[in-house]
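Raw upload26.cif, mmCIF, C-alpha atoms and all ligand atoms:
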```
data_data
#
loop_
_atom_site.label_atom_id
_atom_site.label_comp_id
_atom_site.auth_asym_id
_atom_site.auth_seq_id
_atom_site.Cartn_x
_atom_site.Cartn_y
_atom_site.Cartn_z
CA MET A 1 -68.74 -24.39 31.19
CA LYS A 2 -65.23 -25.77 30.75
CA ILE A 3 -64.11 -27.93 33.67
CA LEU A 4 -60.67 -29.47 34.20
CA THR A 5 -60.41 -32.72 36.14
CA VAL A 6 -57.10 -33.58 37.74
CA ASN A 7 -55.84 -36.84 39.20
CA GLY A 8 -52.36 -36.42 40.64
CA GLY A 9 -50.17 -39.33 41.74
CA SER A 10 -46.70 -39.25 43.31
CA SER A 11 -45.03 -39.22 39.86
CA SER A 12 -48.01 -38.81 37.53
CA LEU A 13 -50.80 -36.40 36.63
CA LYS A 14 -53.89 -37.24 34.59
CA PHE A 15 -56.19 -34.52 33.33
CA ASN A 16 -59.32 -34.06 31.24
CA ALA A 17 -61.03 -30.92 29.98
CA ILE A 18 -64.79 -31.47 29.77
CA GLU A 19 -67.52 -29.16 28.46
CA LEU A 20 -70.61 -29.22 30.67
CA PRO A 21 -73.53 -29.68 30.72
CA GLU A 22 -72.91 -31.26 27.27
CA GLU A 23 -70.53 -33.83 28.86
CA LYS A 24 -68.17 -33.44 25.91
CA GLU A 25 -64.50 -34.34 26.41
CA LEU A 26 -62.31 -31.65 24.79
CA ILE A 27 -58.81 -32.98 25.52
CA SER A 28 -57.13 -35.35 27.95
CA GLY A 29 -53.56 -36.07 28.95
CA TYR A 30 -51.33 -38.16 31.16
CA PHE A 31 -47.97 -37.02 32.56
CA GLU A 32 -45.69 -39.81 33.76
CA LYS A 33 -42.38 -40.17 35.61
CA ILE A 34 -42.60 -36.67 37.10
CA GLY A 35 -39.35 -36.01 39.01
CA LEU A 36 -37.75 -39.09 37.45
CA GLU A 37 -35.54 -39.95 34.46
CA GLY A 38 -37.41 -40.40 31.16
CA SER A 39 -40.43 -38.23 31.97
CA PHE A 40 -43.03 -37.74 29.24
CA TYR A 41 -46.67 -36.95 28.59
CA ASN A 42 -49.41 -38.12 26.24
CA ILE A 43 -52.13 -35.87 24.88
CA LYS A 44 -55.35 -37.25 23.42
CA ILE A 45 -57.51 -35.01 21.27
CA ASN A 46 -60.09 -35.95 18.61
CA GLY A 47 -59.26 -39.64 19.16
CA GLU A 48 -55.55 -39.10 18.36
CA LYS A 49 -52.78 -39.64 20.88
CA VAL A 50 -49.42 -37.82 20.76
CA LYS A 51 -46.44 -38.51 23.02
CA HIS A 52 -44.00 -35.77 24.14
CA GLU A 53 -40.73 -36.60 25.89
CA VAL A 54 -39.89 -33.63 28.11
CA PRO A 55 -38.10 -33.10 31.43
CA LEU A 56 -40.62 -32.78 34.30
CA LYS A 57 -38.88 -31.82 37.55
CA ASN A 58 -42.09 -31.53 39.54
CA HIS A 59 -45.88 -31.23 39.25
CA MET A 60 -45.55 -27.48 38.56
CA ASP A 61 -43.64 -28.31 35.33
CA ALA A 62 -46.43 -30.71 34.31
CA VAL A 63 -49.07 -28.04 34.96
CA GLU A 64 -47.12 -25.58 32.75
CA TYR A 65 -47.12 -28.09 29.84
CA LEU A 66 -50.80 -28.79 30.46
CA LYS A 67 -51.52 -25.05 30.17
CA LYS A 68 -49.47 -24.86 26.94
CA GLU A 69 -51.42 -27.79 25.44
CA LEU A 70 -54.75 -26.13 26.28
CA PHE A 71 -53.63 -22.99 24.42
CA ASP A 72 -51.84 -24.71 21.50
CA ASN A 73 -54.88 -26.92 20.82
CA HIS A 74 -57.24 -23.89 21.03
CA ILE A 75 -59.23 -25.40 23.88
CA ILE A 76 -58.98 -21.96 25.53
CA GLU A 77 -57.60 -18.55 24.57
CA SER A 78 -57.30 -17.43 28.19
CA LEU A 79 -57.08 -19.29 31.53
CA ASP A 80 -60.23 -17.41 32.62
CA GLU A 81 -62.18 -19.70 30.28
CA ILE A 82 -61.60 -22.60 32.71
CA ASP A 83 -64.63 -22.29 34.98
CA GLY A 84 -63.52 -24.80 37.59
CA VAL A 85 -60.98 -27.49 38.44
CA GLY A 86 -61.99 -30.78 40.11
CA HIS A 87 -59.24 -32.65 41.94
CA ARG A 88 -59.42 -36.32 42.86
CA ILE A 89 -58.28 -37.05 46.42
CA VAL A 90 -57.87 -40.65 47.56
CA HIS A 91 -58.59 -40.24 51.26
CA GLY A 92 -60.99 -37.89 53.00
CA GLY A 93 -60.97 -39.87 56.26
CA ASP A 94 -64.32 -39.57 58.02
CA LYS A 95 -64.28 -35.80 57.60
CA PHE A 96 -65.67 -35.66 54.05
CA ASP A 97 -68.81 -37.46 52.91
CA HIS A 98 -69.20 -35.40 49.74
CA SER A 99 -67.16 -33.25 47.35
CA VAL A 100 -66.32 -29.74 48.58
CA LEU A 101 -65.02 -26.42 47.36
CA VAL A 102 -61.29 -25.97 48.13
CA THR A 103 -60.69 -23.39 50.88
CA ASP A 104 -57.73 -22.84 53.23
CA GLU A 105 -59.78 -24.68 55.86
CA VAL A 106 -60.23 -27.70 53.54
CA ILE A 107 -56.47 -27.79 52.81
CA LYS A 108 -55.84 -27.88 56.58
CA GLU A 109 -58.38 -30.69 56.99
CA LEU A 110 -56.62 -32.61 54.20
CA ASP A 111 -53.32 -32.26 56.05
CA SER A 112 -55.01 -33.71 59.14
CA VAL A 113 -55.91 -36.98 57.33
CA VAL A 114 -52.49 -37.37 55.71
CA ASP A 115 -51.53 -40.18 58.15
CA LEU A 116 -54.27 -42.31 56.61
CA ALA A 117 -52.87 -41.98 53.06
CA PRO A 118 -49.23 -40.91 53.42
CA LEU A 119 -48.34 -41.92 49.84
CA HIS A 120 -51.47 -40.78 48.03
CA ASN A 121 -52.78 -37.55 49.52
CA PRO A 122 -49.58 -35.38 49.56
CA PRO A 123 -48.98 -35.41 45.75
CA MET A 124 -52.67 -34.63 45.22
CA VAL A 125 -52.43 -31.65 47.56
CA GLU A 126 -49.26 -30.60 45.66
CA CYS A 127 -51.35 -30.63 42.48
CA ILE A 128 -54.00 -28.38 44.02
CA LYS A 129 -51.23 -25.93 45.01
CA ALA A 130 -49.68 -26.05 41.51
CA PHE A 131 -53.06 -25.19 39.94
CA LYS A 132 -53.76 -22.48 42.55
CA ASN A 133 -50.45 -20.98 41.46
CA ILE A 134 -51.46 -20.52 37.83
CA MET A 135 -55.19 -19.84 38.38
CA PRO A 136 -55.57 -18.32 41.85
CA ASP A 137 -59.11 -17.09 41.19
CA THR A 138 -60.55 -20.23 39.58
CA PRO A 139 -62.82 -22.22 41.91
CA MET A 140 -61.50 -25.68 42.72
CA VAL A 141 -63.32 -28.69 44.11
CA VAL A 142 -62.00 -31.84 45.78
CA VAL A 143 -63.69 -35.19 45.10
CA PHE A 144 -62.86 -38.02 47.50
CA ASP A 145 -62.53 -41.74 46.71
CA THR A 146 -63.74 -42.48 50.23
CA ALA A 147 -66.72 -40.06 50.39
CA PHE A 148 -69.42 -42.29 48.88
CA HIS A 149 -68.64 -45.04 51.42
CA GLN A 150 -69.22 -42.69 54.35
CA SER A 151 -72.89 -43.64 54.03
CA MET A 152 -72.04 -47.13 55.42
CA ASP A 153 -73.39 -48.06 58.85
CA ILE A 154 -71.04 -48.64 61.78
CA GLU A 155 -71.89 -52.36 61.80
CA GLU A 156 -70.21 -52.60 58.39
CA TYR A 157 -67.28 -50.21 58.83
CA LEU A 158 -66.17 -51.16 62.34
CA TYR A 159 -63.58 -53.95 62.57
CA PRO A 160 -63.98 -56.40 65.45
CA VAL A 161 -60.73 -55.20 67.07
CA PRO A 162 -60.15 -53.23 70.32
CA TYR A 163 -62.67 -50.39 70.12
CA GLU A 164 -60.01 -47.80 71.06
CA TRP A 165 -58.20 -48.47 67.77
CA TYR A 166 -61.25 -46.89 66.14
CA THR A 167 -61.84 -44.03 68.57
CA GLU A 168 -58.15 -43.16 69.12
CA TYR A 169 -56.55 -43.93 65.75
CA GLY A 170 -59.36 -43.98 63.20
CA VAL A 171 -58.96 -47.72 62.44
CA ARG A 172 -62.11 -48.61 60.46
CA LYS A 173 -63.20 -49.55 56.97
CA TYR A 174 -63.09 -46.49 54.67
CA GLY A 175 -63.52 -48.08 51.24
CA PHE A 176 -62.14 -46.71 47.95
CA HIS A 177 -63.14 -46.38 44.25
CA GLY A 178 -66.12 -44.43 45.63
CA THR A 179 -66.30 -42.08 42.63
CA SER A 180 -66.51 -45.04 40.27
CA HIS A 181 -69.10 -46.92 42.35
CA ARG A 182 -71.18 -43.73 42.62
CA TYR A 183 -71.01 -43.28 38.83
CA ILE A 184 -72.13 -46.90 38.37
CA ALA A 185 -75.02 -46.45 40.84
CA LYS A 186 -76.15 -43.32 38.96
CA SER A 187 -75.78 -44.94 35.51
CA ALA A 188 -77.58 -48.15 36.54
CA ALA A 189 -80.44 -46.10 38.02
CA GLU A 190 -80.71 -44.13 34.73
CA LEU A 191 -80.41 -47.25 32.57
CA LEU A 192 -83.10 -49.18 34.45
CA GLY A 193 -85.25 -46.13 35.25
CA ARG A 194 -85.30 -46.80 39.02
CA ASP A 195 -83.66 -44.97 41.90
CA ASP A 196 -84.43 -47.64 44.52
CA LEU A 197 -82.12 -50.27 43.02
CA LYS A 198 -80.10 -52.74 45.07
CA ILE A 199 -76.85 -52.87 43.11
CA ILE A 200 -73.66 -54.90 43.40
CA SER A 201 -71.03 -52.80 41.64
CA CYS A 202 -67.79 -54.61 40.74
CA HIS A 203 -64.96 -52.24 39.81
CA ILE A 204 -62.39 -54.71 38.50
CA GLY A 205 -59.34 -53.05 37.00
CA SER A 206 -55.73 -53.17 38.16
CA GLY A 207 -57.23 -52.28 41.55
CA ALA A 208 -60.50 -54.05 42.29
CA SER A 209 -63.37 -53.58 44.71
CA VAL A 210 -66.96 -54.69 45.07
CA CYS A 211 -69.64 -52.45 46.55
CA ALA A 212 -73.18 -53.19 47.74
CA ILE A 213 -75.48 -50.20 47.21
CA ASP A 214 -79.13 -49.83 48.26
CA ALA A 215 -80.98 -46.84 46.76
CA GLY A 216 -77.76 -44.82 46.52
CA LYS A 217 -76.54 -45.71 50.04
CA VAL A 218 -73.46 -47.90 50.49
CA VAL A 219 -74.31 -51.01 52.48
CA ASP A 220 -70.83 -52.55 52.32
CA THR A 221 -67.63 -52.43 50.27
CA SER A 222 -64.66 -54.76 49.93
CA MET A 223 -61.69 -52.40 50.31
CA GLY A 224 -60.98 -51.45 53.90
CA PHE A 225 -58.71 -49.28 55.99
CA THR A 226 -56.53 -49.19 52.87
CA PRO A 227 -57.06 -50.34 49.25
CA LEU A 228 -55.18 -53.58 50.06
CA ALA A 229 -58.25 -55.36 51.45
CA GLY A 230 -61.03 -57.25 49.67
CA VAL A 231 -60.78 -59.16 46.41
CA MET A 232 -57.55 -60.22 44.70
CA MET A 233 -56.17 -57.54 42.33
CA GLY A 234 -53.42 -57.05 39.71
CA THR A 235 -50.59 -56.82 42.25
CA ARG A 236 -52.49 -56.68 45.59
CA SER A 237 -53.39 -59.77 47.57
CA GLY A 238 -56.79 -58.64 48.83
CA ASP A 239 -57.84 -60.28 52.13
CA VAL A 240 -55.19 -62.49 53.77
CA ASP A 241 -54.59 -63.65 57.33
CA PRO A 242 -52.54 -60.83 58.97
CA SER A 243 -50.48 -63.43 60.88
CA ILE A 244 -48.72 -64.13 57.57
CA ILE A 245 -46.88 -60.82 58.00
CA PRO A 246 -44.76 -61.59 61.11
CA TYR A 247 -44.25 -65.16 59.85
CA VAL A 248 -42.81 -64.00 56.50
CA MET A 249 -40.75 -61.32 58.28
CA LYS A 250 -39.07 -64.06 60.36
CA LYS A 251 -38.52 -66.32 57.35
CA THR A 252 -37.16 -63.68 54.95
CA GLY A 253 -35.65 -61.09 57.28
CA GLU A 254 -37.80 -58.42 55.61
CA THR A 255 -39.20 -55.50 57.62
CA CYS A 256 -42.93 -55.13 58.21
CA GLU A 257 -43.07 -52.37 55.54
CA GLU A 258 -41.30 -54.63 53.03
CA VAL A 259 -43.75 -57.50 53.57
CA VAL A 260 -46.72 -55.12 53.29
CA ASN A 261 -45.10 -53.80 50.10
CA ASP A 262 -44.97 -57.42 48.81
CA LEU A 263 -48.70 -57.73 49.54
CA ASN A 264 -49.36 -54.48 47.66
CA LYS A 265 -46.98 -54.82 44.71
CA LYS A 266 -45.92 -58.46 44.25
CA SER A 267 -49.13 -60.36 44.96
CA GLY A 268 -52.48 -60.79 43.21
CA LEU A 269 -52.44 -61.90 39.56
CA LEU A 270 -48.71 -61.14 39.41
CA GLY A 271 -47.84 -63.08 42.55
CA VAL A 272 -49.84 -66.19 41.68
CA SER A 273 -48.99 -66.32 37.95
CA GLY A 274 -45.37 -65.17 38.24
CA VAL A 275 -46.04 -63.72 34.77
CA SER A 276 -47.84 -60.37 34.95
CA ASN A 277 -50.38 -58.20 36.75
CA ASP A 278 -52.15 -57.59 33.43
CA SER A 279 -55.01 -59.95 32.62
CA ARG A 280 -54.17 -59.77 28.89
CA ASP A 281 -50.83 -61.48 29.66
CA ILE A 282 -52.62 -63.95 31.95
CA GLU A 283 -55.03 -64.81 29.11
CA ASP A 284 -52.08 -65.30 26.73
CA GLY A 285 -50.44 -67.53 29.37
CA ILE A 286 -53.63 -69.60 29.65
CA ALA A 287 -53.74 -69.97 25.85
CA ASN A 288 -50.15 -71.27 26.00
CA GLY A 289 -50.95 -73.81 28.72
CA ASN A 290 -49.34 -71.95 31.66
CA GLU A 291 -50.90 -73.59 34.74
CA ARG A 292 -50.09 -70.76 37.13
CA CYS A 293 -51.91 -68.35 34.82
CA VAL A 294 -54.94 -70.68 34.95
CA LEU A 295 -54.65 -70.70 38.75
CA ALA A 296 -54.37 -66.89 38.96
CA GLN A 297 -57.43 -66.40 36.73
CA ASN A 298 -59.51 -68.99 38.61
CA ILE A 299 -58.68 -67.58 42.04
CA PHE A 300 -59.43 -64.04 40.84
CA CYS A 301 -62.87 -64.97 39.48
CA LYS A 302 -63.74 -66.93 42.66
CA LYS A 303 -62.76 -64.08 44.98
CA VAL A 304 -64.93 -61.59 43.09
CA ALA A 305 -67.80 -64.11 42.88
CA ASN A 306 -67.65 -64.79 46.63
CA TYR A 307 -67.96 -61.08 47.43
CA ILE A 308 -70.92 -60.84 45.07
CA ALA A 309 -72.61 -63.75 46.86
CA MET A 310 -71.91 -62.18 50.26
CA TYR A 311 -73.27 -58.80 49.16
CA ASN A 312 -76.33 -60.43 47.62
CA ASN A 313 -76.99 -61.72 51.12
CA GLU A 314 -76.32 -58.33 52.74
CA LEU A 315 -78.70 -56.66 50.30
CA ASN A 316 -81.28 -59.37 50.88
CA GLY A 317 -81.25 -59.99 47.13
CA ALA A 318 -79.68 -57.65 44.56
CA ASP A 319 -81.68 -56.20 41.65
CA VAL A 320 -78.65 -55.91 39.39
CA ILE A 321 -74.94 -56.72 39.24
CA VAL A 322 -72.65 -54.39 37.29
CA LEU A 323 -69.13 -55.15 36.05
CA THR A 324 -66.85 -52.23 35.22
CA ALA A 325 -63.22 -50.96 34.85
CA GLY A 326 -60.39 -52.56 32.82
CA LEU A 327 -61.32 -56.23 33.25
CA GLY A 328 -65.06 -55.78 33.68
CA GLU A 329 -65.29 -53.71 30.48
CA ASN A 330 -62.81 -55.65 28.35
CA SER A 331 -62.20 -59.22 29.47
CA SER A 332 -64.96 -61.58 28.34
CA ALA A 333 -63.03 -64.50 29.91
CA THR A 334 -63.04 -62.82 33.34
CA ARG A 335 -66.73 -61.92 33.02
CA ALA A 336 -67.56 -65.54 32.13
CA GLY A 337 -65.37 -66.86 34.97
CA ILE A 338 -67.08 -64.66 37.57
CA LEU A 339 -70.59 -65.50 36.35
CA LYS A 340 -69.80 -69.24 36.35
CA ASN A 341 -68.99 -68.90 40.06
CA ILE A 342 -72.30 -67.23 40.94
CA ALA A 343 -74.48 -69.82 39.22
CA SER A 344 -75.87 -70.70 42.67
CA LEU A 345 -77.58 -67.26 42.67
CA GLY A 346 -79.42 -68.23 39.49
CA VAL A 347 -77.22 -65.96 37.33
CA LYS A 348 -76.97 -67.16 33.73
CA LEU A 349 -74.46 -65.76 31.23
CA ASP A 350 -75.64 -65.25 27.65
CA GLU A 351 -72.47 -66.37 25.89
CA SER A 352 -73.70 -65.05 22.54
CA VAL A 353 -73.43 -61.43 23.75
CA ASN A 354 -70.32 -61.59 25.96
CA ASN A 355 -67.68 -61.07 23.29
CA PHE A 356 -67.24 -57.26 23.28
CA ARG A 357 -65.22 -54.46 24.83
CA GLY A 358 -65.99 -51.12 26.41
CA GLU A 359 -69.77 -50.85 25.93
CA THR A 360 -72.87 -50.77 28.10
CA ARG A 361 -74.56 -54.13 27.63
CA LYS A 362 -76.59 -56.76 29.47
CA ILE A 363 -74.69 -60.07 29.45
CA THR A 364 -77.22 -62.41 31.07
CA THR A 365 -80.13 -64.39 29.61
CA GLU A 366 -83.74 -63.28 30.08
CA ASP A 367 -84.30 -66.02 32.68
CA SER A 368 -81.24 -65.09 34.76
CA LYS A 369 -82.43 -64.48 38.33
CA ILE A 370 -80.28 -61.34 38.61
CA PRO A 371 -79.39 -59.38 35.45
CA VAL A 372 -75.70 -58.55 34.99
CA TYR A 373 -74.67 -55.46 33.04
CA VAL A 374 -71.34 -54.15 31.85
CA ILE A 375 -71.23 -50.37 32.21
CA PRO A 376 -67.98 -48.49 31.40
CA THR A 377 -67.04 -46.33 34.38
CA ASN A 378 -66.21 -42.64 34.03
CA GLU A 379 -64.64 -41.19 37.15
CA GLU A 380 -63.51 -38.06 35.30
CA LEU A 381 -67.08 -37.22 34.29
CA MET A 382 -68.23 -37.72 37.90
CA ILE A 383 -65.49 -35.35 39.13
CA ALA A 384 -66.46 -32.81 36.46
CA LEU A 385 -70.17 -33.08 37.31
CA ASP A 386 -69.49 -32.55 41.04
CA THR A 387 -67.31 -29.54 40.23
CA TYR A 388 -69.95 -28.11 37.88
CA GLU A 389 -72.69 -28.54 40.44
CA ILE A 390 -70.74 -27.04 43.34
CA ILE A 391 -69.51 -24.00 41.43
CA SER A 392 -72.93 -23.44 39.81
CA ASN A 393 -74.53 -23.29 43.28
CA GLN A 394 -71.94 -20.99 44.81
P1 LIG A 401 -57.91 -50.14 34.95
O1 LIG A 401 -57.12 -50.11 36.23
O2 LIG A 401 -59.37 -50.02 35.15
O3 LIG A 401 -57.36 -49.21 33.91
O4 LIG A 401 -57.69 -51.63 34.35
C1 LIG A 401 -56.45 -52.03 33.82
C2 LIG A 401 -56.44 -53.55 33.66
O5 LIG A 401 -57.56 -53.97 32.83
C3 LIG A 401 -55.22 -54.09 32.95
O6 LIG A 401 -54.14 -54.25 33.83
C4 LIG A 401 -55.74 -55.40 32.43
O7 LIG A 401 -55.58 -56.38 33.46
C5 LIG A 401 -57.21 -55.18 32.18
N1 LIG A 401 -57.51 -55.05 30.73
C6 LIG A 401 -57.51 -53.93 29.99
N2 LIG A 401 -57.82 -54.21 28.69
C7 LIG A 401 -58.03 -55.56 28.63
C8 LIG A 401 -58.39 -56.49 27.59
N3 LIG A 401 -58.60 -56.07 26.33
N4 LIG A 401 -58.51 -57.79 27.90
C9 LIG A 401 -58.31 -58.22 29.17
N5 LIG A 401 -57.98 -57.39 30.19
C10 LIG A 401 -57.83 -56.09 29.94
#
```

Once you've parsed the file, please lay out its structure as structure tokens.
Ligand code: AMP
Amino acid sequence: MKILTVNGGSSSLKFNAIELPEEKELISGYFEKIGLEGSFYNIKINGEKVKHEVPLKNHMDAVEYLKKELFDNHIIESLDEIDGVGHRIVHGGDKFDHSVLVTDEVIKELDSVVDLAPLHNPPMVECIKAFKNIMPDTPMVVVFDTAFHQSMDIEEYLYPVPYEWYTEYGVRKYGFHGTSHRYIAKSAAELLGRDDLKIISCHIGSGASVCAIDAGKVVDTSMGFTPLAGVMMGTRSGDVDPSIIPYVMKKTGETCEEVVNDLNKKSGLLGVSGVSNDSRDIEDGIANGNERCVLAQNIFCKKVANYIAMYNNELNGADVIVLTAGLGENSSATRAGILKNIASLGVKLDESVNNFRGETRKITTEDSKIPVYVIPTNEELMIALDTYEIISNQ
């Protein structure tokens, strides 16, 4: 079966075509600056990447180019050869605890949770409509970033705030990166040959979250009502005292939205270092003696380590810790920094194996109390597998 996976942002669209059950990637692409000046897309096939600069007025234009690339590269000869399309959706509220087939009813339900993700969900729904336009009869599936975390208990997802905020307005912890954490839970279970594992999954990329999982059930996760909460990230602050917001508003004259935007876009590694949100630039800064880069890196590693220690407690002792996503897979300095800060758990880094990128590997010594693995995440494959399973059981 040929499955397309689609991840639509407000001005971007990522896609992959995957052959299942072989799990073979056929082609992938990334459209950027949709609706803006300087729009373009990249196509990756057989390990080669080609860039095309083209005007993209809207997502429909991107979908037309995507279709053309599928034909020109002989991935398909007819659109009927696409057996299903899996769409990533950021927020499913508390209505969706698993991936579902797209129906008119589901589209209506998605509209009803739009308040919870006003920036993220609408462009993703636009993408579904654009694909429905060119392949009205192809089954489509939606896969939610929040769904995996719906298995959390109320003691973990309820904030200690007026209870009516939860019952009336849906204020609670939702958690994000669920597709990645679910992939990590599945891969760790396969790797270690056990489905009862207590796992601490650390998705540390430009966005970052830590998730405690017990036998496939989420016990706790660091992102919250929105992806702003939890550990420090590339440009997001992670947890801060909310009283900072009115204080900074008074000092700077900014609106509440502007200060929250600062916490989302000007904080984290970027805010502390003043250099970049990208850990490669932070590592260069450290090599050149930039003290704020040192500070940014140290705070980042401590924040992740502290969540790991907290989740080790919540799990009553983890069986395995997994590092994944951009930094987890590629930055040996960040891996070493995090592990140094969880030495109290008896975790011991094996420095002789830590210098690598993008592979599945154990990075702790044999006598480490908890083994730590690096496992590259694959959200696209997870989306494709869900789509395959749902349409095969129709
Ligand atoms: P992601 O959001 O998972 O794509 O992660 C992107 C982030 O991973 C980048 O912003 C970098 O901070 C980090 N990253 C990617 N490659 C490397 C690398 N080779 N060394 C250090 N950090 C990296």

So that I can check the surroundings of Gly271 (chain A), please list as an mmCIF file with C-alpha atoms, in the coordinates of the input every protein, DNA and RNA residue that reaches within 9 Å of it, counting all atoms listed in the file and ignoring chain neighbours fewer than 6 positions away.
```
data_model
loop_
_atom_site.group_PDB
_atom_site.id
_atom_site.type_symbol
_atom_site.label_atom_id
_atom_site.label_comp_id
_atom_site.auth_asym_id
_atom_site.auth_seq_id
_atom_site.Cartn_x
_atom_site.Cartn_y
_atom_site.Cartn_z
ATOM 1 C CA GLY A 234 -53.420 -57.050 39.710
ATOM 2 C CA THR A 235 -50.590 -56.820 42.250
ATOM 3 C CA ARG A 236 -52.490 -56.680 45.590
ATOM 4 C CA SER A 237 -53.390 -59.770 47.570
ATOM 5 C CA ASP A 262 -44.970 -57.420 48.810
ATOM 6 C CA LEU A 263 -48.700 -57.730 49.540
ATOM 7 C CA LYS A 265 -46.980 -54.820 44.710
ATOM 8 C CA ASN A 277 -50.380 -58.200 36.750
ATOM 9 C CA ALA A 296 -54.370 -66.890 38.960
#
```

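Here the question is which of A:Leu66, A:Met382, A:Ile199, A:Val260 gets nearest to Ile370 (chain A) using only C-alpha atoms, and that residue is A:Ile199.
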
At most 12 Å from ligand LIG 401 (chain A) (only C-alpha atoms and all ligand atoms): residue list as a compact mmCIF listing (two decimals) with C-alpha atoms, in the coordinates of the input:
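Writing the result to out.txt gives the following:
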```txt
# COMPACT_ATOMS: atom_id res chain seq x y z
CA HIS A 177 -63.14 -46.38 44.25
CA SER A 180 -66.51 -45.04 40.27
CA CYS A 202 -67.79 -54.61 40.74
CA HIS A 203 -64.96 -52.24 39.81
CA ILE A 204 -62.39 -54.71 38.50
CA GLY A 205 -59.34 -53.05 37.00
CA SER A 206 -55.73 -53.17 38.16
CA GLY A 207 -57.23 -52.28 41.55
CA ALA A 208 -60.50 -54.05 42.29
CA SER A 209 -63.37 -53.58 44.71
CA MET A 233 -56.17 -57.54 42.33
CA GLY A 234 -53.42 -57.05 39.71
CA THR A 235 -50.59 -56.82 42.25
CA GLY A 268 -52.48 -60.79 43.21
CA LEU A 269 -52.44 -61.90 39.56
CA LEU A 270 -48.71 -61.14 39.41
CA SER A 276 -47.84 -60.37 34.95
CA ASN A 277 -50.38 -58.20 36.75
CA ASP A 278 -52.15 -57.59 33.43
CA SER A 279 -55.01 -59.95 32.62
CA ARG A 280 -54.17 -59.77 28.89
CA ASP A 281 -50.83 -61.48 29.66
CA ILE A 282 -52.62 -63.95 31.95
CA GLU A 283 -55.03 -64.81 29.11
CA ASP A 284 -52.08 -65.30 26.73
CA ALA A 296 -54.37 -66.89 38.96
CA GLN A 297 -57.43 -66.40 36.73
CA PHE A 300 -59.43 -64.04 40.84
CA LEU A 323 -69.13 -55.15 36.05
CA THR A 324 -66.85 -52.23 35.22
CA ALA A 325 -63.22 -50.96 34.85
CA GLY A 326 -60.39 -52.56 32.82
CA LEU A 327 -61.32 -56.23 33.25
CA GLY A 328 -65.06 -55.78 33.68
CA GLU A 329 -65.29 -53.71 30.48
CA ASN A 330 -62.81 -55.65 28.35
CA SER A 331 -62.20 -59.22 29.47
CA SER A 332 -64.96 -61.58 28.34
CA ALA A 333 -63.03 -64.50 29.91
CA THR A 334 -63.04 -62.82 33.34
CA ARG A 335 -66.73 -61.92 33.02
CA ASN A 355 -67.68 -61.07 23.29
CA PHE A 356 -67.24 -57.26 23.28
CA ARG A 357 -65.22 -54.46 24.83
CA GLY A 358 -65.99 -51.12 26.41
CA PRO A 376 -67.98 -48.49 31.40
CA THR A 377 -67.04 -46.33 34.38
CA ASN A 378 -66.21 -42.64 34.03
CA GLU A 379 -64.64 -41.19 37.15
```

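Pairwise distance (CA of Asp80 (chain A), CA of Ser392 (chain A)) equals 15.8 Å.
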
Exercise. Neighbours of Asn298 (chain A) within 10 Å (all atoms listed in the file; same-chain residues fewer than 6 positions away dropped), as JSON, numbers by chain?
Worked result: {"A": [292, 334, 337, 338, 341]}

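Relative to CA of Ser10 (chain A), CA of Phe31 (chain A) is found at 11.1 Å.
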
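Taking only C-alpha atoms into account, those protein, DNA and RNA residues with any atom at most 7 Å away from (-42.1, -37.3, 30.4) amount to A:Phe31, A:Glu32, A:Lys33, A:Ile34, A:Gly38, A:Ser39, A:Phe40, A:Tyr41, A:His52, A:Glu53, A:Val54, A:Pro55, A:Leu56.
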
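Residues with any atom within 12 Å of Tyr169 (chain A), counting all atoms listed in the file and excluding same-chain neighbours fewer than 6 positions away, are Gly93, Asp94, Val113, Asp115, Leu116, Pro162, Tyr163 and Phe225 of chain A.
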
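If you measure from each of A:Leu13, A:Met232, A:Ile390, A:Val102 to Ala305 (chain A) using all atoms listed in the file, the closest one turns out to be A:Met232.
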
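Put simply, CA of Ile184 (chain A) is 26.6 Å away from CA of Pro139 (chain A).
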
Problem set entry | Using only C-alpha atoms: which of A:Val50, A:Val141, A:Leu119, A:Cys256 has the shortest distance to Ile3 (chain A) | A:Val141

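Among the candidates A:His98, A:Met223, A:Val161, A:Cys211, the residue lying nearest to Ala309 (chain A) is A:Cys211 (atoms considered: all atoms listed in the file).
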
For this session: In the coordinates of the file, take the point (-73.2, -56.5, 46.6) and a cut-off of 12 Å; then, counting all atoms listed in the file, name each qualifying protein, DNA or RNA residue as a count of residues only.
Result: 42

All file atoms of region 56-66 of chain A boxed axis-aligned, 3 Å per side, centre plus edges, as AutoDock Vina command-line options:
```
--center_x -44.8 --center_y -29.2 --center_z 34.7 --size_x 17.9 --size_y 13.2 --size_z 15.7
```

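Candidate residues A:His91, A:His74, A:Lys108, A:Lys340 were compared for distance to His120 (chain A), and the nearest is A:His91, using all atoms listed in the file.
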
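Comparing A:Ile75, A:Ile43, A:Val372, A:Val231 by their smallest distance to Lys302 (chain A), the closest is A:Val231 (using all atoms listed in the file).
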
Problem set entry | All residues 9 Å or closer to Ile391 (chain A), only C-alpha atoms, same chain fewer than 5 positions away omitted, as an MDAnalysis selection string | chainID A and resid 83:84 101 139:141 386
